[in-house]
Amino acid sequence: MSVDERFSAIRKGLLEFLVLKIIAADQVYVADILRALNETEFRTQEGTLYPLLSKMRREELVDYEWKESEAGPPRKYYKLTAKGREELRETSEYWQKLGNLVKNLGQK
Amino acid sequence: MNIVITVNLNGNAFQLEKNGYDTLREYLENAARQLEGNPDKAEIIADIEQSMADKFRTRLNAFKTVVVASEVDAVIAEMGPVQSAEGGARSEGAPAAAATPSSTGADAGSAGEAPKAGGVKRLYRINEGAMVSGVCNGLGAYFNIDVTIIRLLFVVLTLFTWGGGLLLYFVMSLVVPAAESPQEKAAAFGGGPSTAEDFVRRAKAGYYEGMRTFRDRDAHREWKRRFRYEMRGWSRDFKREMRANAFQWRQNWQAHWGQPNAWWFALPLIGFLKTIVTLGGLLAVALLVANGSVFGMTLPAGIPLWVGVLALLIAINLVVWPLRAMKHAIYFSGGYGGPYRVYGGPAIFGPVAGMALVVLVLWTADHHWPAVHAALLDIREHLRHGIDAVRTWWNSH
């Protein structure tokens with residue numbers, strides 16, 4: 001089992017965190033999120049992203065508004081809600097803690 | 001040249017090649033199934049359809065107005081399988097491919113099948129494109145065989161079983177549920193590969209491998225061992241699936257035939273008739289072989305003995321088949337062994353007790369009811385008349 005496979009479950013769990021981060025940086029629509037993710041280890045497809053975004057919206061972490069685009073139909077632009085920002089802050093802190101833990105564990 | 005089907009993807013009309021349409025429909029039905037119970041299902045599907053519409057649009061221009069099948073495959077590969085993001089059992093069961101990098105280009109061929117994984121294939125009747133009630137259509141989808149072949153098989157079966165195939169069809173049209181909801185339709189076509197399909201695949205793989213190593217004795221033995229092992233596994237799966245199906249079918253059957261146990265009394269009678277016919281038939285065969293004639297009827301010149309025997313056996317089956325079908329109908333509608341619970345004793349005494357009951361009733365009626373006595377004598381008379389009539393007809397031709 002390669003490292004890649006072993007960590008697929010972890011990556012899957014982290015996806016929501018990353019999507020929060022991407023949306024926090026800028027108002028984005030789905031293609032932007034995909035582009036940002038596809039430059040990383042976290043390559044993702046729409047089939048996964050749409051259900052995830054809808055879940056996050058139901059949990060009131062993100063919200064969207066319709067915006068006209070230069071080409072084609074209006075798009076859903078996502079942004080973080082207050083609750084989403086709070087969630088992102090907590091998750092970032094926890095991630096920091098985990099990182100330190102991994103770094104310091106076993107060292108004398 | 002290809003048939004083109006126009007579809008509406010979230011308010012955008014597209015013309016798709018027929019097989020591309022089939023792939024797309026399967027993908028969307030699977031997506032709908034994955035999102036079953038998700039409160040935002042409609043919205044997610046709309047998003048997915050819109051995104052696919054955008055992707056299709058980039059592939060079209062003023063001089064290319066039809067989306068071809070390979071483009072549908074490519075777009076589906078870009079979209080990736082739809083996976084519910086909900087926590088709990090559903091997303092745990094789904095493959096953890098969410099963040100696994102995948103080379104979208106290379107996956108184009110197999111991606112159409114990817115969303116199939118998970119889910120169970122079930123036998124349904126499919127009314128779209130059906131000739132009668134969709135039984136053959138459903139079987140074709142289930143075994144992934146061209147429906148025309150299934151229809152032909154049914155016709156051949158009907159010819160060889162003297163109508164048995166027709167009866168089977170009738171029963172299946174009552175018992176096999178029709179696929180109505182989108183999930184049911186998806187399950188009729190998709191789900192995982194059916195165990196039957198899997199069996200064919202494994203059998204083929206095993207066969208070819210076996211052929212390749214045929215000269216090597218050890219390898220041959222090893223192949224046989226493994227083949228048998230795999231077949232056993234398959235048969236276990238198949239049985240499990242059949243049990244699941246049978247449960248549903250039985251319920252349907254009961255729904256159609258009401259209170260079936262009311263017919264239990266007919267069982268011994270049918271069994272009795274069946275035995276008489278079979279014994280009579282066998283006697284006729286024995287007579288034919290021994291004397292060359294049955295009840296005074298001789299074989300026409302030029303027809304060999306074996307043809308006569310075959311004809312007799314077929315004639316016996318012709319009479320026995322409906323009886324057997326009736327018996328089975330009563331059996332299965334009452335649940336396994338249902339009718340015999342009437343006797344309370346072990347199942348094996350059922351037929352014996354039933355037979356005894358029938359004989360007792362006949363004997364009592366014969367002795368104490370002159371009308372029955374006369375009727376029974378008449379039966380003998382009628383039987384003789386009947387045989388005479390057949391014999392006359394036979395010899396006159």
# chains A, B, ... in the order shown; residues from 1 in each chain; ligands from 1
>>> select_by_dssp(residues="chain A", states="strand (DSSP E)", output="PDB file with C-alpha atoms, in the first residue's frame")
ATOM      1  CA  VAL A  62     -21.051  28.502   3.359  1.00  0.00           C
ATOM      2  CA  ASP A  63     -23.624  30.353   1.343  1.00  0.00           C
ATOM      3  CA  TYR A  64     -23.836  31.275  -2.298  1.00  0.00           C
ATOM      4  CA  GLU A  65     -25.259  33.959  -4.515  1.00  0.00           C
ATOM      5  CA  TRP A  66     -26.038  33.889  -8.198  1.00  0.00           C
ATOM      6  CA  LYS A  67     -23.806  36.085 -10.372  1.00  0.00           C
ATOM      7  CA  ARG A  75     -23.005  30.920 -11.632  1.00  0.00           C
ATOM      8  CA  LYS A  76     -23.199  30.190  -7.946  1.00  0.00           C
ATOM      9  CA  TYR A  77     -20.500  32.130  -6.133  1.00  0.00           C
ATOM     10  CA  TYR A  78     -19.733  30.713  -2.699  1.00  0.00           C
ATOM     11  CA  LYS A  79     -18.663  32.643   0.387  1.00  0.00           C
ATOM     12  CA  LEU A  80     -18.168  31.777   4.038  1.00  0.00           C
TER      13      LEU A  80
END
>>> residues_around(residues="segment 42-53 of chain A", least_positions_apart="5", cutoff="10 Å", atoms="only C-alpha atoms", output="number ranges by chain")
A: 8, 11-12, 14-16, 18-20, 30-31, 33-37, 58-59, 61-64, 78; B: 31, 34-35, 38, 40-41, 43-48, 51-52, 76-86, 97-104, 115
>>> write_last_selection(atoms="C-alpha atoms", output="JSON list (two decimals), in the first residue's frame")
[["chain", "number", "residue", "atom", "x", "y", "z"],
["A", 8, "SER", "CA", -6.73, 8.66, 1.00],
["A", 11, "ARG", "CA", -7.40, 13.41, 2.54],
["A", 12, "LYS", "CA", -11.06, 12.76, 2.18],
["A", 14, "LEU", "CA", -9.57, 17.05, 5.13],
["A", 15, "LEU", "CA", -11.33, 18.05, 1.94],
["A", 16, "GLU", "CA", -13.95, 20.09, 3.75],
["A", 18, "LEU", "CA", -9.47, 22.85, 2.39],
["A", 19, "VAL", "CA", -12.66, 23.93, 0.69],
["A", 20, "LEU", "CA", -13.32, 26.24, 3.64],
["A", 30, "VAL", "CA", -17.07, 25.57, -8.37],
["A", 31, "ALA", "CA", -14.59, 25.66, -11.24],
["A", 33, "ILE", "CA", -12.39, 25.53, -6.25],
["A", 34, "LEU", "CA", -11.60, 22.63, -8.55],
["A", 35, "ARG", "CA", -8.73, 24.50, -10.13],
["A", 36, "ALA", "CA", -7.25, 25.36, -6.75],
["A", 37, "LEU", "CA", -7.56, 21.76, -5.55],
["A", 58, "ARG", "CA", -26.96, 22.95, 4.95],
["A", 59, "GLU", "CA", -24.64, 23.16, 7.94],
["A", 61, "LEU", "CA", -20.80, 27.03, 6.85],
["A", 62, "VAL", "CA", -21.05, 28.50, 3.36],
["A", 63, "ASP", "CA", -23.62, 30.35, 1.34],
["A", 64, "TYR", "CA", -23.84, 31.27, -2.30],
["A", 78, "TYR", "CA", -19.73, 30.71, -2.70],
["B", 31, "ALA", "CA", -26.11, 9.85, -9.01],
["B", 34, "GLN", "CA", -26.24, 7.89, -4.34],
["B", 35, "LEU", "CA", -28.02, 11.00, -3.17],
["B", 38, "ASN", "CA", -30.20, 13.80, 0.78],
["B", 40, "ASP", "CA", -30.54, 18.76, -1.37],
["B", 41, "LYS", "CA", -30.76, 15.97, -3.91],
["B", 43, "GLU", "CA", -30.31, 20.92, -6.21],
["B", 44, "ILE", "CA", -27.17, 18.80, -6.48],
["B", 45, "ILE", "CA", -28.55, 17.00, -9.51],
["B", 46, "ALA", "CA", -29.40, 20.34, -11.07],
["B", 47, "ASP", "CA", -25.83, 21.57, -10.39],
["B", 48, "ILE", "CA", -24.39, 18.44, -11.95],
["B", 51, "SER", "CA", -22.05, 21.57, -15.19],
["B", 52, "MET", "CA", -22.41, 18.78, -17.73],
["B", 76, "ILE", "CA", -18.65, 11.76, -17.21],
["B", 77, "ALA", "CA", -15.00, 11.00, -16.57],
["B", 78, "GLU", "CA", -14.39, 14.68, -15.87],
["B", 79, "MET", "CA", -17.31, 14.82, -13.47],
["B", 80, "GLY", "CA", -16.27, 11.73, -11.58],
["B", 81, "PRO", "CA", -18.63, 9.46, -9.67],
["B", 82, "VAL", "CA", -21.18, 11.27, -7.52],
["B", 83, "GLN", "CA", -20.55, 10.52, -3.89],
["B", 84, "SER", "CA", -22.68, 11.60, -1.03],
["B", 85, "ALA", "CA", -20.76, 13.81, 1.39],
["B", 86, "GLU", "CA", -22.93, 12.77, 4.31],
["B", 97, "ALA", "CA", -11.59, 8.03, -4.06],
["B", 98, "ALA", "CA", -12.64, 11.55, -3.20],
["B", 99, "ALA", "CA", -9.16, 12.94, -3.18],
["B", 100, "THR", "CA", -7.36, 10.22, -5.06],
["B", 101, "PRO", "CA", -5.67, 11.76, -8.04],
["B", 102, "SER", "CA", -7.02, 10.30, -11.21],
["B", 103, "SER", "CA", -5.87, 10.90, -14.73],
["B", 104, "THR", "CA", -9.11, 12.05, -16.21],
["B", 115, "PRO", "CA", -20.40, 4.95, -10.65]]
>>> closest_residue(among="B:Leu28, B:Val147, B:Met1, B:Ile270", to="chain A", atoms="only C-alpha atoms")
B:Leu28
>>> atom_distance(atom1="atom CA of Gly84 of chain A", atom2="atom CA of Asn100 of chain A")
24.1 Å
>>> atom_distance(atom1="atom CA of Ile3 of chain B", atom2="atom CA of Glu17 of chain B")
6.0 Å
>>> select_by_dssp(residues="chain A", states="alpha helix (DSSP H)", output="PDB file with N, CA and C atoms, in the first residue's frame")
ATOM      1  N   VAL A   3       1.917   5.274   0.222  1.00  0.00           N
ATOM      2  CA  VAL A   3       1.546   6.370   1.122  1.00  0.00           C
ATOM      3  C   VAL A   3       0.278   7.037   0.609  1.00  0.00           C
ATOM      4  N   ASP A   4       0.250   7.181  -0.698  1.00  0.00           N
ATOM      5  CA  ASP A   4      -0.879   7.831  -1.343  1.00  0.00           C
ATOM      6  C   ASP A   4      -2.201   7.162  -0.999  1.00  0.00           C
ATOM      7  N   GLU A   5      -2.198   5.815  -1.104  1.00  0.00           N
ATOM      8  CA  GLU A   5      -3.426   5.087  -0.812  1.00  0.00           C
ATOM      9  C   GLU A   5      -3.747   5.139   0.677  1.00  0.00           C
ATOM     10  N   ARG A   6      -2.701   5.004   1.491  1.00  0.00           N
ATOM     11  CA  ARG A   6      -2.914   4.924   2.923  1.00  0.00           C
ATOM     12  C   ARG A   6      -3.579   6.195   3.435  1.00  0.00           C
ATOM     13  N   SER A   8      -5.582   8.186   1.774  1.00  0.00           N
ATOM     14  CA  SER A   8      -6.734   8.656   1.003  1.00  0.00           C
ATOM     15  C   SER A   8      -7.902   8.990   1.921  1.00  0.00           C
ATOM     16  N   ALA A   9      -8.074   8.216   2.991  1.00  0.00           N
ATOM     17  CA  ALA A   9      -9.180   8.485   3.916  1.00  0.00           C
ATOM     18  C   ALA A   9      -8.952   9.822   4.617  1.00  0.00           C
ATOM     19  N   ILE A  10      -7.691  10.072   5.010  1.00  0.00           N
ATOM     20  CA  ILE A  10      -7.376  11.337   5.689  1.00  0.00           C
ATOM     21  C   ILE A  10      -7.621  12.509   4.747  1.00  0.00           C
ATOM     22  N   ARG A  11      -7.190  12.339   3.501  1.00  0.00           N
ATOM     23  CA  ARG A  11      -7.403  13.411   2.537  1.00  0.00           C
ATOM     24  C   ARG A  11      -8.882  13.698   2.370  1.00  0.00           C
ATOM     25  N   LYS A  12      -9.628  12.599   2.362  1.00  0.00           N
ATOM     26  CA  LYS A  12     -11.060  12.759   2.181  1.00  0.00           C
ATOM     27  C   LYS A  12     -11.656  13.577   3.321  1.00  0.00           C
ATOM     28  N   GLY A  13     -11.219  13.268   4.545  1.00  0.00           N
ATOM     29  CA  GLY A  13     -11.720  13.990   5.697  1.00  0.00           C
ATOM     30  C   GLY A  13     -11.281  15.450   5.695  1.00  0.00           C
ATOM     31  N   LEU A  14     -10.116  15.693   5.119  1.00  0.00           N
ATOM     32  CA  LEU A  14      -9.565  17.050   5.126  1.00  0.00           C
ATOM     33  C   LEU A  14     -10.167  17.938   4.043  1.00  0.00           C
ATOM     34  N   LEU A  15     -10.857  17.315   3.101  1.00  0.00           N
ATOM     35  CA  LEU A  15     -11.334  18.055   1.937  1.00  0.00           C
ATOM     36  C   LEU A  15     -12.182  19.254   2.351  1.00  0.00           C
ATOM     37  N   GLU A  16     -13.051  19.020   3.333  1.00  0.00           N
ATOM     38  CA  GLU A  16     -13.955  20.086   3.754  1.00  0.00           C
ATOM     39  C   GLU A  16     -13.153  21.282   4.294  1.00  0.00           C
ATOM     40  N   PHE A  17     -12.121  20.975   5.084  1.00  0.00           N
ATOM     41  CA  PHE A  17     -11.239  22.005   5.633  1.00  0.00           C
ATOM     42  C   PHE A  17     -10.623  22.836   4.504  1.00  0.00           C
ATOM     43  N   LEU A  18     -10.117  22.144   3.498  1.00  0.00           N
ATOM     44  CA  LEU A  18      -9.467  22.854   2.395  1.00  0.00           C
ATOM     45  C   LEU A  18     -10.446  23.712   1.618  1.00  0.00           C
ATOM     46  N   VAL A  19     -11.656  23.158   1.416  1.00  0.00           N
ATOM     47  CA  VAL A  19     -12.665  23.930   0.685  1.00  0.00           C
ATOM     48  C   VAL A  19     -12.997  25.198   1.465  1.00  0.00           C
ATOM     49  N   LEU A  20     -13.088  25.067   2.793  1.00  0.00           N
ATOM     50  CA  LEU A  20     -13.321  26.244   3.636  1.00  0.00           C
ATOM     51  C   LEU A  20     -12.221  27.274   3.407  1.00  0.00           C
ATOM     52  N   LYS A  21     -10.983  26.801   3.387  1.00  0.00           N
ATOM     53  CA  LYS A  21      -9.847  27.717   3.206  1.00  0.00           C
ATOM     54  C   LYS A  21      -9.922  28.433   1.856  1.00  0.00           C
ATOM     55  N   ILE A  22     -10.226  27.653   0.823  1.00  0.00           N
ATOM     56  CA  ILE A  22     -10.280  28.250  -0.516  1.00  0.00           C
ATOM     57  C   ILE A  22     -11.369  29.305  -0.582  1.00  0.00           C
ATOM     58  N   ILE A  23     -12.532  28.980  -0.022  1.00  0.00           N
ATOM     59  CA  ILE A  23     -13.650  29.930  -0.096  1.00  0.00           C
ATOM     60  C   ILE A  23     -13.348  31.162   0.770  1.00  0.00           C
ATOM     61  N   ALA A  24     -12.631  30.961   1.850  1.00  0.00           N
ATOM     62  CA  ALA A  24     -12.319  32.079   2.749  1.00  0.00           C
ATOM     63  C   ALA A  24     -11.467  33.122   2.027  1.00  0.00           C
ATOM     64  N   ALA A  25     -10.600  32.673   1.133  1.00  0.00           N
ATOM     65  CA  ALA A  25      -9.673  33.586   0.473  1.00  0.00           C
ATOM     66  C   ALA A  25     -10.386  34.512  -0.497  1.00  0.00           C
ATOM     67  N   VAL A  30     -17.572  26.939  -8.471  1.00  0.00           N
ATOM     68  CA  VAL A  30     -17.069  25.572  -8.369  1.00  0.00           C
ATOM     69  C   VAL A  30     -15.804  25.340  -9.188  1.00  0.00           C
ATOM     70  N   ALA A  31     -15.761  25.895 -10.394  1.00  0.00           N
ATOM     71  CA  ALA A  31     -14.591  25.663 -11.239  1.00  0.00           C
ATOM     72  C   ALA A  31     -13.324  26.236 -10.591  1.00  0.00           C
ATOM     73  N   ASP A  32     -13.461  27.371  -9.875  1.00  0.00           N
ATOM     74  CA  ASP A  32     -12.306  27.939  -9.177  1.00  0.00           C
ATOM     75  C   ASP A  32     -11.804  26.992  -8.095  1.00  0.00           C
ATOM     76  N   ILE A  33     -12.769  26.458  -7.328  1.00  0.00           N
ATOM     77  CA  ILE A  33     -12.394  25.533  -6.249  1.00  0.00           C
ATOM     78  C   ILE A  33     -11.666  24.333  -6.839  1.00  0.00           C
ATOM     79  N   LEU A  34     -12.229  23.803  -7.915  1.00  0.00           N
ATOM     80  CA  LEU A  34     -11.604  22.629  -8.547  1.00  0.00           C
ATOM     81  C   LEU A  34     -10.194  22.956  -9.007  1.00  0.00           C
ATOM     82  N   ARG A  35     -10.039  24.133  -9.614  1.00  0.00           N
ATOM     83  CA  ARG A  35      -8.728  24.499 -10.129  1.00  0.00           C
ATOM     84  C   ARG A  35      -7.727  24.572  -8.985  1.00  0.00           C
ATOM     85  N   ALA A  36      -8.152  25.222  -7.898  1.00  0.00           N
ATOM     86  CA  ALA A  36      -7.251  25.358  -6.748  1.00  0.00           C
ATOM     87  C   ALA A  36      -6.854  23.983  -6.208  1.00  0.00           C
ATOM     88  N   LEU A  37      -7.843  23.088  -6.107  1.00  0.00           N
ATOM     89  CA  LEU A  37      -7.564  21.764  -5.554  1.00  0.00           C
ATOM     90  C   LEU A  37      -6.707  20.936  -6.496  1.00  0.00           C
ATOM     91  N   ASN A  38      -6.951  21.079  -7.783  1.00  0.00           N
ATOM     92  CA  ASN A  38      -6.283  20.196  -8.727  1.00  0.00           C
ATOM     93  C   ASN A  38      -4.798  20.514  -8.886  1.00  0.00           C
ATOM     94  N   GLU A  46     -16.164  17.067  -9.753  1.00  0.00           N
ATOM     95  CA  GLU A  46     -17.448  17.695  -9.430  1.00  0.00           C
ATOM     96  C   GLU A  46     -18.413  16.746  -8.737  1.00  0.00           C
ATOM     97  N   GLY A  47     -18.344  15.495  -9.153  1.00  0.00           N
ATOM     98  CA  GLY A  47     -19.232  14.499  -8.550  1.00  0.00           C
ATOM     99  C   GLY A  47     -19.078  14.442  -7.041  1.00  0.00           C
ATOM    100  N   THR A  48     -17.916  14.755  -6.543  1.00  0.00           N
ATOM    101  CA  THR A  48     -17.677  14.772  -5.107  1.00  0.00           C
ATOM    102  C   THR A  48     -17.955  16.151  -4.520  1.00  0.00           C
ATOM    103  N   LEU A  49     -17.602  17.173  -5.291  1.00  0.00           N
ATOM    104  CA  LEU A  49     -17.637  18.533  -4.753  1.00  0.00           C
ATOM    105  C   LEU A  49     -19.063  19.044  -4.545  1.00  0.00           C
ATOM    106  N   TYR A  50     -19.942  18.796  -5.508  1.00  0.00           N
ATOM    107  CA  TYR A  50     -21.296  19.319  -5.374  1.00  0.00           C
ATOM    108  C   TYR A  50     -21.996  18.803  -4.118  1.00  0.00           C
ATOM    109  N   PRO A  51     -21.972  17.480  -3.895  1.00  0.00           N
ATOM    110  CA  PRO A  51     -22.609  17.015  -2.658  1.00  0.00           C
ATOM    111  C   PRO A  51     -21.964  17.620  -1.411  1.00  0.00           C
ATOM    112  N   LEU A  52     -20.639  17.774  -1.424  1.00  0.00           N
ATOM    113  CA  LEU A  52     -19.944  18.328  -0.261  1.00  0.00           C
ATOM    114  C   LEU A  52     -20.395  19.775  -0.019  1.00  0.00           C
ATOM    115  N   LEU A  53     -20.442  20.574  -1.077  1.00  0.00           N
ATOM    116  CA  LEU A  53     -20.840  21.975  -0.930  1.00  0.00           C
ATOM    117  C   LEU A  53     -22.270  22.080  -0.419  1.00  0.00           C
ATOM    118  N   SER A  54     -23.132  21.213  -0.928  1.00  0.00           N
ATOM    119  CA  SER A  54     -24.525  21.289  -0.489  1.00  0.00           C
ATOM    120  C   SER A  54     -24.634  20.923   0.991  1.00  0.00           C
ATOM    121  N   LYS A  55     -23.787  19.971   1.410  1.00  0.00           N
ATOM    122  CA  LYS A  55     -23.805  19.610   2.829  1.00  0.00           C
ATOM    123  C   LYS A  55     -23.311  20.786   3.674  1.00  0.00           C
ATOM    124  N   MET A  56     -22.251  21.431   3.206  1.00  0.00           N
ATOM    125  CA  MET A  56     -21.693  22.548   3.967  1.00  0.00           C
ATOM    126  C   MET A  56     -22.685  23.717   4.031  1.00  0.00           C
ATOM    127  N   ARG A  57     -23.456  23.864   2.962  1.00  0.00           N
ATOM    128  CA  ARG A  57     -24.436  24.935   2.980  1.00  0.00           C
ATOM    129  C   ARG A  57     -25.550  24.611   3.974  1.00  0.00           C
ATOM    130  N   ARG A  58     -25.918  23.347   4.006  1.00  0.00           N
ATOM    131  CA  ARG A  58     -26.957  22.946   4.951  1.00  0.00           C
ATOM    132  C   ARG A  58     -26.481  23.135   6.393  1.00  0.00           C
ATOM    133  N   ALA A  82     -20.542  33.464   8.903  1.00  0.00           N
ATOM    134  CA  ALA A  82     -19.838  33.686  10.169  1.00  0.00           C
ATOM    135  C   ALA A  82     -19.496  32.343  10.807  1.00  0.00           C
ATOM    136  N   LYS A  83     -20.452  31.443  10.739  1.00  0.00           N
ATOM    137  CA  LYS A  83     -20.238  30.129  11.319  1.00  0.00           C
ATOM    138  C   LYS A  83     -19.110  29.399  10.582  1.00  0.00           C
ATOM    139  N   GLY A  84     -19.066  29.584   9.275  1.00  0.00           N
ATOM    140  CA  GLY A  84     -18.021  28.963   8.475  1.00  0.00           C
ATOM    141  C   GLY A  84     -16.659  29.489   8.862  1.00  0.00           C
ATOM    142  N   ARG A  85     -16.569  30.808   9.101  1.00  0.00           N
ATOM    143  CA  ARG A  85     -15.274  31.389   9.495  1.00  0.00           C
ATOM    144  C   ARG A  85     -14.830  30.839  10.858  1.00  0.00           C
ATOM    145  N   GLU A  86     -15.814  30.724  11.756  1.00  0.00           N
ATOM    146  CA  GLU A  86     -15.511  30.169  13.079  1.00  0.00           C
ATOM    147  C   GLU A  86     -14.988  28.738  12.945  1.00  0.00           C
ATOM    148  N   GLU A  87     -15.688  27.958  12.110  1.00  0.00           N
ATOM    149  CA  GLU A  87     -15.304  26.564  11.888  1.00  0.00           C
ATOM    150  C   GLU A  87     -13.879  26.501  11.324  1.00  0.00           C
ATOM    151  N   LEU A  88     -13.602  27.379  10.379  1.00  0.00           N
ATOM    152  CA  LEU A  88     -12.280  27.401   9.754  1.00  0.00           C
ATOM    153  C   LEU A  88     -11.209  27.730  10.804  1.00  0.00           C
ATOM    154  N   ARG A  89     -11.511  28.676  11.682  1.00  0.00           N
ATOM    155  CA  ARG A  89     -10.545  29.059  12.709  1.00  0.00           C
ATOM    156  C   ARG A  89     -10.264  27.867  13.624  1.00  0.00           C
ATOM    157  N   GLU A  90     -11.343  27.222  14.089  1.00  0.00           N
ATOM    158  CA  GLU A  90     -11.179  26.074  14.986  1.00  0.00           C
ATOM    159  C   GLU A  90     -10.388  24.964  14.314  1.00  0.00           C
ATOM    160  N   THR A  91     -10.764  24.672  13.080  1.00  0.00           N
ATOM    161  CA  THR A  91     -10.089  23.569  12.384  1.00  0.00           C
ATOM    162  C   THR A  91      -8.613  23.891  12.173  1.00  0.00           C
ATOM    163  N   SER A  92      -8.324  25.162  11.836  1.00  0.00           N
ATOM    164  CA  SER A  92      -6.933  25.560  11.617  1.00  0.00           C
ATOM    165  C   SER A  92      -6.127  25.376  12.897  1.00  0.00           C
ATOM    166  N   GLU A  93      -6.731  25.796  14.016  1.00  0.00           N
ATOM    167  CA  GLU A  93      -6.038  25.640  15.297  1.00  0.00           C
ATOM    168  C   GLU A  93      -5.764  24.168  15.585  1.00  0.00           C
ATOM    169  N   TYR A  94      -6.783  23.369  15.358  1.00  0.00           N
ATOM    170  CA  TYR A  94      -6.640  21.940  15.622  1.00  0.00           C
ATOM    171  C   TYR A  94      -5.561  21.345  14.723  1.00  0.00           C
ATOM    172  N   TRP A  95      -5.554  21.786  13.507  1.00  0.00           N
ATOM    173  CA  TRP A  95      -4.569  21.283  12.545  1.00  0.00           C
ATOM    174  C   TRP A  95      -3.155  21.674  12.989  1.00  0.00           C
ATOM    175  N   GLN A  96      -3.041  22.896  13.465  1.00  0.00           N
ATOM    176  CA  GLN A  96      -1.775  23.382  14.015  1.00  0.00           C
ATOM    177  C   GLN A  96      -1.311  22.462  15.157  1.00  0.00           C
ATOM    178  N   LYS A  97      -2.275  22.171  16.042  1.00  0.00           N
ATOM    179  CA  LYS A  97      -1.974  21.328  17.202  1.00  0.00           C
ATOM    180  C   LYS A  97      -1.493  19.949  16.740  1.00  0.00           C
ATOM    181  N   LEU A  98      -2.213  19.401  15.778  1.00  0.00           N
ATOM    182  CA  LEU A  98      -1.840  18.079  15.255  1.00  0.00           C
ATOM    183  C   LEU A  98      -0.431  18.114  14.671  1.00  0.00           C
ATOM    184  N   GLY A  99      -0.161  19.178  13.913  1.00  0.00           N
ATOM    185  CA  GLY A  99       1.145  19.312  13.277  1.00  0.00           C
ATOM    186  C   GLY A  99       2.250  19.345  14.318  1.00  0.00           C
ATOM    187  N   ASN A 100       2.031  20.146  15.363  1.00  0.00           N
ATOM    188  CA  ASN A 100       3.032  20.219  16.427  1.00  0.00           C
ATOM    189  C   ASN A 100       3.210  18.883  17.107  1.00  0.00           C
ATOM    190  N   LEU A 101       2.072  18.228  17.320  1.00  0.00           N
ATOM    191  CA  LEU A 101       2.107  16.935  17.998  1.00  0.00           C
ATOM    192  C   LEU A 101       2.965  15.951  17.207  1.00  0.00           C
ATOM    193  N   VAL A 102       2.702  15.896  15.897  1.00  0.00           N
ATOM    194  CA  VAL A 102       3.445  14.972  15.042  1.00  0.00           C
ATOM    195  C   VAL A 102       4.933  15.317  15.071  1.00  0.00           C
ATOM    196  N   LYS A 103       5.198  16.623  15.071  1.00  0.00           N
ATOM    197  CA  LYS A 103       6.583  17.080  15.014  1.00  0.00           C
ATOM    198  C   LYS A 103       7.321  16.746  16.312  1.00  0.00           C
ATOM    199  N   ASN A 104       6.630  16.937  17.444  1.00  0.00           N
ATOM    200  CA  ASN A 104       7.327  16.840  18.721  1.00  0.00           C
ATOM    201  C   ASN A 104       7.323  15.448  19.321  1.00  0.00           C
TER     202      ASN A 104
END
>>> closest_residue(among="A:Gln107, A:Gln27, A:Thr40, A:Thr81", to="chain B", atoms="only C-alpha atoms")
A:Thr40
>>> closest_residue(among="B:Val320, B:Leu16, B:Ala53, B:Leu305", to="chain A", atoms="only C-alpha atoms")
B:Ala53
>>> atom_distance(atom1="atom CA of Arg33 of chain B", atom2="atom CA of Ala186 of chain B")
7.8 Å
